[in-house]
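Trainee: Handing you a structure now.
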Amino acid sequence: MIELEHVERDFWVGDETVHALADVSLQIPPGDYLSVMGPSGSGKSTLLNVLGLLDRPTRGSYRLEGIETTTLSEEQRAALRRQRIGFVFQAFHLIPRLTAAENIALPMVLAGIPPGKREQRVAEVLQSLNLSDRAGHRPDQLSGGQRQRVAIGRAIVMQPALLLADEPTGNLDQHSGQEVIALLEQLNADGITLVIVTHDARIGQRAHHRVHMLDGHIHSDEQDHAPA
Amino acid sequence: MRLPDLLQYAERSLRGAPARSLLMLLAMSIGVASVILLTALGEGARRYVIGEFERLGTDLLIMLPGRNETTGGPPPLFGETPRDLTIDDALALLRHPSIERIAPVSIGNSPVSFGSREREVTIIGSTSDFFPIRHIAVAIGRALPQMPAERQLNLAVLGWRLKKELFGNQRALGTWVRIADRRFRVIGVLDPAGESLGLDLGDMAVIPVASAQALFDNPSLFRVLIQARSKEEIETARKAALETIRWRHDGEDDVTLITQDAMLSTFDRILRALTLAVAGIAGISLAVAGILIMNVMLVAVSQRISEIGLLKALGGSESQVMRLFLTEAVMLAGSGALLGLLLALVGMQLLNRLFTDFALIPPLWAAPAAVGVALATGLVFGVMPARRAARLDPVQALARH
Ligand SMILES: Nc1ncnc2c1ncn2[C@@H]1O[C@H](COP(=O)(O)OP(=O)(O)O)[C@@H](O)[C@H]1O
Ligand SMILES: [Mg+2]
């Protein structure tokens, strides 16, 4: 369960204050499929970064699985990111000198998981992504869709509860984009909480839970009846 | 993060920028190699000098007239001139059982001529024991004969270069040369093989000590070389010699005795200090390499900002990111040091082949110290870039491209 209460995030540019998030309150139940839509600059990415513990609210409360995160130390926030949260970025952010398998294994390497266990889990993930034959390829030897699938593999390798995707199809053609969305929705169907930031209305409409943002505010928060 | 993973990650990042990494490796290895080579030179010089001294014998005492103020004790109240150190003083030393033999030495410069050729050389007046005490041999003819030291006898043993310059390839033995205004019969020529530190066996001539005193009109000896019966008896011999002279000089301690050991340890100290100084100078190149490492690591950090953001997003903490970049710096320094060791080894082989009678051996501490300083440099100069990486804001870092 994710609970945001009166969350604000201010940026100071020169002597002007930008309210990237202004009084945002939001609840995301476990297993939710949430899309965040809105025009550019409306605060979507900032919201996602706060949810992912990469950014800290200026004011307000953010509880993740009952833990108040705003008072945690940097070390504790890193640990939560490592164990509970996966990120998917528009720009993939794969490390070019590492192979697909090594990129996917990176969070486990950072977590200090021994190689044997790592290899087993990475093979599993590659299998589920249909990328087993690409395990030894470096990012520049993969297509855009394949790269984003590798990035998704990296995001889920630690089996997090929360998967955050910021414009995951932004750099992809329509076909690859559809594949990636289908993959994310499959993961959500398997139980992961999925938050997708997009400005593509067709993608956004697919989610059961839809938030529209405007100037840092939540403009609308619609929810279909949760499937039982 | 597990150590092997940490090392592997660092290694692959370094391989990712080969030109940069190689440059740093080179700088570090040159620093390490120069420390080792220069200290090896210093240490080689020290061993050479010590070896030369030891060849002279460590059972040797040297007596000189006058009190050496640096040996301690208050200077005499009255500006008395020391009594002459005479041949009789020297001979009196022989009475003591711990003293094996002595050689009184009188010294001066004088022209030596044969026919129309003339050379100005050092004239040493001494006795037959001078030769074994200083390990000097004659190449042709014979050394000074056994005879009473007070006796003037106009015999001369010529230095090898002096002989060559006066006689060329002509026979010198049995001919008469002129030293100052006296004529001396040549009985031998010195063997250059005995040449050692501080003793030039080329431009000199050895004559009986009494003749030299007459020649230079100086009744005081320049030195008395005293050989103890053994190395163990050198202290007994020293005390005995001092006592004998004090007794003969009405209770005055007006001679100075130097042991070969004292000189040896003085040289040893000086040369060790020199080696250290040289190591310090070479160490500066290590510091320069360290600054290079810092620069290159700063560039690496700025080129890998989005990677750093990613590592943080994947759950890497500040201390982990810091450790990653520090590992890279230390790994670079370490491999540079290893390469430097190799370079030093090759350099030493080359130099040893060039200077055959002067062995280059680095002091035991040189290699570990150089490698240690290299690693420490990598660590110290890696901290700033690593900290900069660790403190990057992940959101902004990920936004960079
Ligand atoms: N680091 C920052 N410094 C200053 N202003 C920022 C920073 N990050 C975001 N902003 C501002 O906050 C607002 C929201 O940004 P963002 O969350 O990226 O919007 P979106 O993802 O919806 O396009 C924008 O006006 C943006 O300029
Ligand atoms: Mg955005």
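If you're wondering about the labels, chains in the structure tokens are A, B, ... by order shown, residues count from 1 in each chain, ligands from 1 in order shown.
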When the cut-off is 8 Å and we count only C-alpha atoms, which residues of chain A are near chain B, given as a list in words?

Mentor: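 On the chain A side, the interface is Asn49, Leu54, Asp55, Glu74, Glu75, Ala78, Ala79, Leu80, Arg81, Arg82, Gln83, Gly86, Phe87, His93, Ile95, Arg97, Leu106, Pro107, Val109, Leu110, Ala111, Gly112, Ile113, Pro114 and Ala155 of chain A.
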
Trainee: Determine, counting only C-alpha atoms, which protein, DNA and RNA residues have an atom within 10 Å of an atom of Thr69 (chain A); residues of the same chain fewer than 4 positions away are not included. Present the result as a list in words.

Mentor: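 These residues fall inside the cut-off: Val50, Leu51, Leu53, Arg56, Pro57, Ser61, Tyr62, Arg63, Leu64, Glu65, Ser73, Gln76, Arg77 and Leu80 of chain A.
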
Trainee: For N, CA and C atoms, I'd like the residues from the last selection saved as a PDB file, in the first residue's frame.

Mentor:
```
ATOM      1  N   VAL A  50       9.479  10.702  -6.598  1.00  0.00           N
ATOM      2  CA  VAL A  50       9.163  10.682  -5.172  1.00  0.00           C
ATOM      3  C   VAL A  50       8.705   9.280  -4.780  1.00  0.00           C
ATOM      4  N   LEU A  51       7.810   8.695  -5.615  1.00  0.00           N
ATOM      5  CA  LEU A  51       7.332   7.338  -5.328  1.00  0.00           C
ATOM      6  C   LEU A  51       8.501   6.354  -5.272  1.00  0.00           C
ATOM      7  N   LEU A  53      11.525   6.901  -4.328  1.00  0.00           N
ATOM      8  CA  LEU A  53      12.502   7.274  -3.290  1.00  0.00           C
ATOM      9  C   LEU A  53      13.806   7.822  -3.879  1.00  0.00           C
ATOM     10  N   ARG A  56      12.923  13.446  -2.615  1.00  0.00           N
ATOM     11  CA  ARG A  56      12.319  13.559  -1.290  1.00  0.00           C
ATOM     12  C   ARG A  56      11.306  14.709  -1.324  1.00  0.00           C
ATOM     13  N   PRO A  57      10.102  14.516  -0.840  1.00  0.00           N
ATOM     14  CA  PRO A  57       9.142  15.628  -0.817  1.00  0.00           C
ATOM     15  C   PRO A  57       9.653  16.771   0.053  1.00  0.00           C
ATOM     16  N   SER A  61       3.654  13.669   3.624  1.00  0.00           N
ATOM     17  CA  SER A  61       3.996  12.334   4.120  1.00  0.00           C
ATOM     18  C   SER A  61       3.872  11.303   3.004  1.00  0.00           C
ATOM     19  N   TYR A  62       4.843  10.394   2.965  1.00  0.00           N
ATOM     20  CA  TYR A  62       4.797   9.297   2.001  1.00  0.00           C
ATOM     21  C   TYR A  62       5.057   8.008   2.764  1.00  0.00           C
ATOM     22  N   ARG A  63       3.981   7.156   2.852  1.00  0.00           N
ATOM     23  CA  ARG A  63       4.140   5.869   3.519  1.00  0.00           C
ATOM     24  C   ARG A  63       4.166   4.761   2.483  1.00  0.00           C
ATOM     25  N   LEU A  64       5.191   3.944   2.566  1.00  0.00           N
ATOM     26  CA  LEU A  64       5.333   2.798   1.670  1.00  0.00           C
ATOM     27  C   LEU A  64       5.262   1.536   2.507  1.00  0.00           C
ATOM     28  N   GLU A  65       4.234   0.739   2.270  1.00  0.00           N
ATOM     29  CA  GLU A  65       4.018  -0.472   3.062  1.00  0.00           C
ATOM     30  C   GLU A  65       4.076  -0.172   4.557  1.00  0.00           C
ATOM     31  N   SER A  73      16.954   7.551   6.389  1.00  0.00           N
ATOM     32  CA  SER A  73      18.284   7.991   5.954  1.00  0.00           C
ATOM     33  C   SER A  73      18.506   7.579   4.500  1.00  0.00           C
ATOM     34  N   GLN A  76      18.946   3.891   4.172  1.00  0.00           N
ATOM     35  CA  GLN A  76      17.709   3.114   4.292  1.00  0.00           C
ATOM     36  C   GLN A  76      16.858   3.239   3.040  1.00  0.00           C
ATOM     37  N   ARG A  77      16.854   4.445   2.459  1.00  0.00           N
ATOM     38  CA  ARG A  77      16.095   4.640   1.219  1.00  0.00           C
ATOM     39  C   ARG A  77      16.700   3.804   0.088  1.00  0.00           C
ATOM     40  N   LEU A  80      15.565   0.265   0.494  1.00  0.00           N
ATOM     41  CA  LEU A  80      14.180   0.077   0.040  1.00  0.00           C
ATOM     42  C   LEU A  80      14.105   0.041  -1.485  1.00  0.00           C
TER      43      LEU A  80
END
```

Trainee: Select the residues contacting ligand 1 at a distance of at most 7 Å, based on only C-alpha atoms and all ligand atoms, then format the selection as a list in words.

Mentor: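 Those residues are Phe11, Trp12, Val13, Val18, His19, Ala20, Gly38, Pro39, Ser40, Gly41, Ser42, Gly43, Lys44, Ser45, Thr46, Leu47 and Gly216 of chain A; Gln396 of chain B.
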
Trainee: Could you tell me which of A:Arg149, A:His199, A:Arg154, A:Arg59 comes closest to ligand 2 if we count only C-alpha atoms and all ligand atoms?

Mentor: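 That would be A:His199, the residue with the smallest distance to ligand 2.
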
Trainee: Show me, as a PDB file with all heavy atoms, in the first residue's frame, the residues that have an atom within 8 Å of Asp129 (chain B) when counting only C-alpha atoms, minus same-chain residues fewer than 6 positions from it.

Mentor:
```pdb
ATOM      1  N   ARG B 101     101.026  -4.846  13.668  1.00  0.00           N
ATOM      2  CA  ARG B 101     102.069  -4.079  12.991  1.00  0.00           C
ATOM      3  C   ARG B 101     101.605  -2.650  12.788  1.00  0.00           C
ATOM      4  O   ARG B 101     100.411  -2.339  12.903  1.00  0.00           O
ATOM      5  CB  ARG B 101     102.470  -4.707  11.667  1.00  0.00           C
ATOM      6  CG  ARG B 101     101.309  -5.061  10.783  1.00  0.00           C
ATOM      7  CD  ARG B 101     101.783  -5.871   9.585  1.00  0.00           C
ATOM      8  NE  ARG B 101     100.639  -6.478   8.921  1.00  0.00           N
ATOM      9  CZ  ARG B 101     100.731  -7.462   8.042  1.00  0.00           C
ATOM     10  NH1 ARG B 101     101.900  -7.960   7.718  1.00  0.00           N
ATOM     11  NH2 ARG B 101      99.655  -7.932   7.471  1.00  0.00           N
ATOM     12  N   ILE B 102     102.592  -1.806  12.495  1.00  0.00           N
ATOM     13  CA  ILE B 102     102.303  -0.388  12.306  1.00  0.00           C
ATOM     14  C   ILE B 102     103.038   0.095  11.071  1.00  0.00           C
ATOM     15  O   ILE B 102     103.995  -0.527  10.606  1.00  0.00           O
ATOM     16  CB  ILE B 102     102.734   0.456  13.523  1.00  0.00           C
ATOM     17  CG1 ILE B 102     104.246   0.271  13.774  1.00  0.00           C
ATOM     18  CG2 ILE B 102     101.945   0.102  14.772  1.00  0.00           C
ATOM     19  CD1 ILE B 102     105.009   1.551  13.606  1.00  0.00           C
ATOM     20  N   ALA B 103     102.537   1.193  10.545  1.00  0.00           N
ATOM     21  CA  ALA B 103     103.247   1.846   9.451  1.00  0.00           C
ATOM     22  C   ALA B 103     103.186   3.345   9.660  1.00  0.00           C
ATOM     23  O   ALA B 103     102.116   3.937   9.559  1.00  0.00           O
ATOM     24  CB  ALA B 103     102.635   1.462   8.111  1.00  0.00           C
TER      25      ALA B 103
END
```

Trainee: Within 7 Å of region 285-297 of chain B, counting only C-alpha atoms, which residues qualify if same-chain residues fewer than 4 places away don't, as a list of chain:residue names?

Mentor: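 Listed by chain and then number, they are B:Met24, B:Ala27, B:Met28, B:Gly31, B:Val32, B:Val301, B:Ala329, B:Ala374, B:Thr377, B:Gly378, B:Phe381, B:Gly382, B:Pro385.
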
Trainee: Pick out the residues sitting within 9 Å of Arg138 (chain A), and hand them over as a VMD selection string; count only C-alpha atoms, and ignore anything fewer than 3 positions along from it in its own chain.

Mentor: chain A and resid 95 to 101 103 134 to 135 141 to 142

Trainee: Store the residues picked out above in a file with N, CA and C atoms, as a compact mmCIF listing (two decimals), in the first residue's frame.

Mentor:
```txt
# COMPACT_ATOMS: atom_id res chain seq x y z
N ILE A 95 23.87 -0.14 -19.26
CA ILE A 95 25.30 0.16 -19.27
C ILE A 95 25.93 -0.48 -20.50
N PRO A 96 26.47 0.35 -21.40
CA PRO A 96 26.86 -0.14 -22.73
C PRO A 96 27.93 -1.22 -22.70
N ARG A 97 28.83 -1.21 -21.68
CA ARG A 97 29.91 -2.20 -21.71
C ARG A 97 29.48 -3.56 -21.15
N LEU A 98 28.25 -3.63 -20.61
CA LEU A 98 27.78 -4.90 -20.04
C LEU A 98 26.81 -5.59 -20.99
N THR A 99 26.79 -6.93 -20.95
CA THR A 99 25.85 -7.69 -21.79
C THR A 99 24.44 -7.57 -21.21
N ALA A 100 23.47 -8.06 -21.97
CA ALA A 100 22.07 -8.05 -21.52
C ALA A 100 21.96 -8.76 -20.17
N ALA A 101 22.56 -9.94 -20.07
CA ALA A 101 22.48 -10.70 -18.82
C ALA A 101 23.13 -9.93 -17.68
N ASN A 103 23.56 -6.66 -17.45
CA ASN A 103 22.72 -5.51 -17.10
C ASN A 103 21.58 -5.93 -16.20
N ARG A 134 19.60 -13.69 -26.43
CA ARG A 134 20.29 -12.39 -26.48
C ARG A 134 21.13 -12.13 -25.23
N ALA A 135 21.25 -13.13 -24.39
CA ALA A 135 21.88 -12.94 -23.08
C ALA A 135 23.27 -12.32 -23.19
N GLN A 141 23.92 -4.02 -29.62
CA GLN A 141 23.61 -5.11 -30.55
C GLN A 141 22.13 -5.50 -30.47
N LEU A 142 21.34 -4.68 -29.72
CA LEU A 142 19.92 -5.00 -29.52
C LEU A 142 19.06 -3.89 -30.13
```

Trainee: Gly66 (chain A): which residues within 10 Å, counting only C-alpha atoms, same-chain residues fewer than 5 positions away excluded, as a list in words?

Mentor: Met1, Ile2 and Glu3 of chain A

Trainee: Got time to write the residues from that selection, N, CA and C atoms, as a compact mmCIF listing (two decimals), in the first residue's frame?

Mentor:
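Written out: part.txt:
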```txt
# COMPACT_ATOMS: atom_id res chain seq x y z
N MET A 1 0.84 -1.21 0.00
CA MET A 1 0.00 0.00 0.00
C MET A 1 0.87 1.26 0.00
N ILE A 2 0.52 2.20 -0.90
CA ILE A 2 1.24 3.47 -0.97
C ILE A 2 0.28 4.59 -0.62
N GLU A 3 0.73 5.43 0.31
CA GLU A 3 -0.12 6.55 0.71
C GLU A 3 0.67 7.85 0.68
```

Trainee: Neighbours of region 83-85 of chain B within 6 Å (only C-alpha atoms; same-chain residues fewer than 6 positions away dropped), as JSON, numbers by chain?

Mentor: {"B": [65, 220, 221]}

Trainee: I'd like to know which residues of region 126-202 of chain B are alpha helix (DSSP H) (by DSSP, run on the backbone); could you write them as a PDB file with all heavy atoms, in the first residue's frame?

Mentor:
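And here's states_22.pdb as it stands now:
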```pdb
ATOM      1  N   PHE B 130     103.829  -0.931   5.417  1.00  0.00           N
ATOM      2  CA  PHE B 130     102.805  -0.116   4.768  1.00  0.00           C
ATOM      3  C   PHE B 130     102.083  -0.922   3.690  1.00  0.00           C
ATOM      4  O   PHE B 130     100.872  -0.833   3.531  1.00  0.00           O
ATOM      5  CB  PHE B 130     103.456   1.129   4.152  1.00  0.00           C
ATOM      6  CG  PHE B 130     102.517   2.012   3.384  1.00  0.00           C
ATOM      7  CD1 PHE B 130     101.588   2.817   4.040  1.00  0.00           C
ATOM      8  CD2 PHE B 130     102.564   2.065   2.000  1.00  0.00           C
ATOM      9  CE1 PHE B 130     100.731   3.636   3.338  1.00  0.00           C
ATOM     10  CE2 PHE B 130     101.711   2.883   1.280  1.00  0.00           C
ATOM     11  CZ  PHE B 130     100.792   3.674   1.956  1.00  0.00           C
ATOM     12  N   PHE B 131     102.867  -1.721   2.969  1.00  0.00           N
ATOM     13  CA  PHE B 131     102.299  -2.453   1.827  1.00  0.00           C
ATOM     14  C   PHE B 131     101.254  -3.490   2.252  1.00  0.00           C
ATOM     15  O   PHE B 131     100.123  -3.448   1.772  1.00  0.00           O
ATOM     16  CB  PHE B 131     103.418  -3.069   0.990  1.00  0.00           C
ATOM     17  CG  PHE B 131     104.258  -2.011   0.314  1.00  0.00           C
ATOM     18  CD1 PHE B 131     105.285  -1.350   0.992  1.00  0.00           C
ATOM     19  CD2 PHE B 131     103.991  -1.643  -1.005  1.00  0.00           C
ATOM     20  CE1 PHE B 131     106.026  -0.358   0.371  1.00  0.00           C
ATOM     21  CE2 PHE B 131     104.737  -0.653  -1.630  1.00  0.00           C
ATOM     22  CZ  PHE B 131     105.759  -0.010  -0.935  1.00  0.00           C
ATOM     23  N   PRO B 132     101.588  -4.402   3.184  1.00  0.00           N
ATOM     24  CA  PRO B 132     100.536  -5.355   3.591  1.00  0.00           C
ATOM     25  C   PRO B 132      99.375  -4.680   4.315  1.00  0.00           C
ATOM     26  O   PRO B 132      98.230  -5.104   4.155  1.00  0.00           O
ATOM     27  CB  PRO B 132     101.272  -6.334   4.507  1.00  0.00           C
ATOM     28  CG  PRO B 132     102.533  -5.651   4.899  1.00  0.00           C
ATOM     29  CD  PRO B 132     102.883  -4.708   3.788  1.00  0.00           C
ATOM     30  N   ILE B 133      99.653  -3.636   5.100  1.00  0.00           N
ATOM     31  CA  ILE B 133      98.552  -3.011   5.835  1.00  0.00           C
ATOM     32  C   ILE B 133      97.525  -2.417   4.872  1.00  0.00           C
ATOM     33  O   ILE B 133      96.323  -2.557   5.058  1.00  0.00           O
ATOM     34  CB  ILE B 133      99.086  -1.917   6.799  1.00  0.00           C
ATOM     35  CG1 ILE B 133      99.819  -2.571   7.975  1.00  0.00           C
ATOM     36  CG2 ILE B 133      97.948  -1.057   7.323  1.00  0.00           C
ATOM     37  CD1 ILE B 133     100.417  -1.584   8.957  1.00  0.00           C
ATOM     38  N   TRP B 160     102.306   3.324 -10.719  1.00  0.00           N
ATOM     39  CA  TRP B 160     102.353   2.747 -12.073  1.00  0.00           C
ATOM     40  C   TRP B 160     102.249   3.799 -13.162  1.00  0.00           C
ATOM     41  O   TRP B 160     102.870   3.733 -14.204  1.00  0.00           O
ATOM     42  CB  TRP B 160     101.285   1.684 -12.247  1.00  0.00           C
ATOM     43  CG  TRP B 160      99.872   2.173 -12.012  1.00  0.00           C
ATOM     44  CD1 TRP B 160      99.206   2.207 -10.837  1.00  0.00           C
ATOM     45  CD2 TRP B 160      99.004   2.718 -12.983  1.00  0.00           C
ATOM     46  NE1 TRP B 160      97.977   2.744 -10.983  1.00  0.00           N
ATOM     47  CE2 TRP B 160      97.805   3.062 -12.312  1.00  0.00           C
ATOM     48  CE3 TRP B 160      99.098   2.958 -14.360  1.00  0.00           C
ATOM     49  CZ2 TRP B 160      96.725   3.637 -12.964  1.00  0.00           C
ATOM     50  CZ3 TRP B 160      98.008   3.521 -15.016  1.00  0.00           C
ATOM     51  CH2 TRP B 160      96.843   3.857 -14.318  1.00  0.00           C
ATOM     52  N   ARG B 161     101.455   4.865 -12.899  1.00  0.00           N
ATOM     53  CA  ARG B 161     101.315   5.892 -13.924  1.00  0.00           C
ATOM     54  C   ARG B 161     102.584   6.747 -13.998  1.00  0.00           C
ATOM     55  O   ARG B 161     103.041   7.123 -15.076  1.00  0.00           O
ATOM     56  CB  ARG B 161     100.091   6.758 -13.650  1.00  0.00           C
ATOM     57  CG  ARG B 161      99.679   7.585 -14.876  1.00  0.00           C
ATOM     58  CD  ARG B 161      98.470   8.470 -14.630  1.00  0.00           C
ATOM     59  NE  ARG B 161      97.264   7.744 -14.288  1.00  0.00           N
ATOM     60  CZ  ARG B 161      96.635   7.854 -13.111  1.00  0.00           C
ATOM     61  NH1 ARG B 161      97.109   8.670 -12.188  1.00  0.00           N
ATOM     62  NH2 ARG B 161      95.561   7.153 -12.869  1.00  0.00           N
ATOM     63  N   LEU B 162     103.148   7.007 -12.826  1.00  0.00           N
ATOM     64  CA  LEU B 162     104.382   7.796 -12.765  1.00  0.00           C
ATOM     65  C   LEU B 162     105.485   7.085 -13.542  1.00  0.00           C
ATOM     66  O   LEU B 162     106.213   7.693 -14.335  1.00  0.00           O
ATOM     67  CB  LEU B 162     104.798   7.981 -11.300  1.00  0.00           C
ATOM     68  CG  LEU B 162     106.129   8.700 -11.074  1.00  0.00           C
ATOM     69  CD1 LEU B 162     106.047  10.138 -11.588  1.00  0.00           C
ATOM     70  CD2 LEU B 162     106.513   8.686  -9.599  1.00  0.00           C
ATOM     71  N   LYS B 163     105.553   5.760 -13.331  1.00  0.00           N
ATOM     72  CA  LYS B 163     106.582   4.981 -14.033  1.00  0.00           C
ATOM     73  C   LYS B 163     106.384   5.111 -15.541  1.00  0.00           C
ATOM     74  O   LYS B 163     107.310   5.354 -16.309  1.00  0.00           O
ATOM     75  CB  LYS B 163     106.488   3.513 -13.603  1.00  0.00           C
ATOM     76  CG  LYS B 163     107.569   2.615 -14.198  1.00  0.00           C
ATOM     77  CD  LYS B 163     107.083   1.904 -15.442  1.00  0.00           C
ATOM     78  CE  LYS B 163     108.239   1.281 -16.208  1.00  0.00           C
ATOM     79  NZ  LYS B 163     107.828   0.772 -17.505  1.00  0.00           N
ATOM     80  N   LYS B 164     105.130   4.976 -15.959  1.00  0.00           N
ATOM     81  CA  LYS B 164     104.818   5.018 -17.387  1.00  0.00           C
ATOM     82  C   LYS B 164     105.211   6.373 -17.966  1.00  0.00           C
ATOM     83  O   LYS B 164     105.783   6.471 -19.054  1.00  0.00           O
ATOM     84  CB  LYS B 164     103.321   4.772 -17.585  1.00  0.00           C
ATOM     85  CG  LYS B 164     103.002   4.117 -18.931  1.00  0.00           C
ATOM     86  CD  LYS B 164     101.574   3.626 -18.986  1.00  0.00           C
ATOM     87  CE  LYS B 164     101.500   2.132 -18.792  1.00  0.00           C
ATOM     88  NZ  LYS B 164     100.136   1.623 -18.672  1.00  0.00           N
ATOM     89  N   GLU B 165     104.911   7.440 -17.214  1.00  0.00           N
ATOM     90  CA  GLU B 165     105.148   8.768 -17.766  1.00  0.00           C
ATOM     91  C   GLU B 165     106.623   9.151 -17.758  1.00  0.00           C
ATOM     92  O   GLU B 165     107.083   9.912 -18.600  1.00  0.00           O
ATOM     93  CB  GLU B 165     104.292   9.793 -17.015  1.00  0.00           C
ATOM     94  CG  GLU B 165     102.846   9.688 -17.497  1.00  0.00           C
ATOM     95  CD  GLU B 165     101.883  10.516 -16.679  1.00  0.00           C
ATOM     96  OE1 GLU B 165     102.326  11.132 -15.694  1.00  0.00           O
ATOM     97  OE2 GLU B 165     100.696  10.525 -17.037  1.00  0.00           O
ATOM     98  N   LEU B 166     107.354   8.609 -16.791  1.00  0.00           N
ATOM     99  CA  LEU B 166     108.782   8.932 -16.760  1.00  0.00           C
ATOM    100  C   LEU B 166     109.588   8.028 -17.687  1.00  0.00           C
ATOM    101  O   LEU B 166     110.535   8.455 -18.337  1.00  0.00           O
ATOM    102  CB  LEU B 166     109.337   8.802 -15.336  1.00  0.00           C
ATOM    103  CG  LEU B 166     108.856   9.829 -14.306  1.00  0.00           C
ATOM    104  CD1 LEU B 166     109.598   9.641 -12.991  1.00  0.00           C
ATOM    105  CD2 LEU B 166     109.051  11.253 -14.819  1.00  0.00           C
ATOM    106  N   PHE B 167     109.174   6.756 -17.747  1.00  0.00           N
ATOM    107  CA  PHE B 167     110.018   5.781 -18.440  1.00  0.00           C
ATOM    108  C   PHE B 167     109.396   5.210 -19.708  1.00  0.00           C
ATOM    109  O   PHE B 167     110.075   4.577 -20.496  1.00  0.00           O
ATOM    110  CB  PHE B 167     110.338   4.599 -17.497  1.00  0.00           C
ATOM    111  CG  PHE B 167     111.193   4.997 -16.333  1.00  0.00           C
ATOM    112  CD1 PHE B 167     110.629   5.379 -15.130  1.00  0.00           C
ATOM    113  CD2 PHE B 167     112.587   5.002 -16.453  1.00  0.00           C
ATOM    114  CE1 PHE B 167     111.417   5.754 -14.062  1.00  0.00           C
ATOM    115  CE2 PHE B 167     113.371   5.370 -15.373  1.00  0.00           C
ATOM    116  CZ  PHE B 167     112.794   5.753 -14.169  1.00  0.00           C
TER     117      PHE B 167
END
```

Trainee: Measure the distance from CA of Ile181 (chain A) to CA of Thr169 (chain A) in Å and round it to one decimal.

Mentor: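 Pair CA of Ile181 (chain A) / CA of Thr169 (chain A) returns 7.8 Å.
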
Trainee: Among region 229-386 of chain B, which ones does DSSP place in strand (DSSP E), written as a list of chain:residue names?

Mentor: B:Val255, B:Thr256, B:Leu257, B:Ile258, B:Thr259

Trainee: To one decimal place in Å, what is the distance between CA of Arg272 (chain B) and CA of Gln260 (chain B)?

Mentor: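 Computing it gives 17.9 Å between the two atoms.
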
Trainee: Expressed in Å to a single decimal, how great is the separation between CA of Ile99 (chain B) and CA of Ile226 (chain B)?

Mentor: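 If I compute the distance from CA of Ile99 (chain B) to CA of Ile226 (chain B), I get 7.0 Å.
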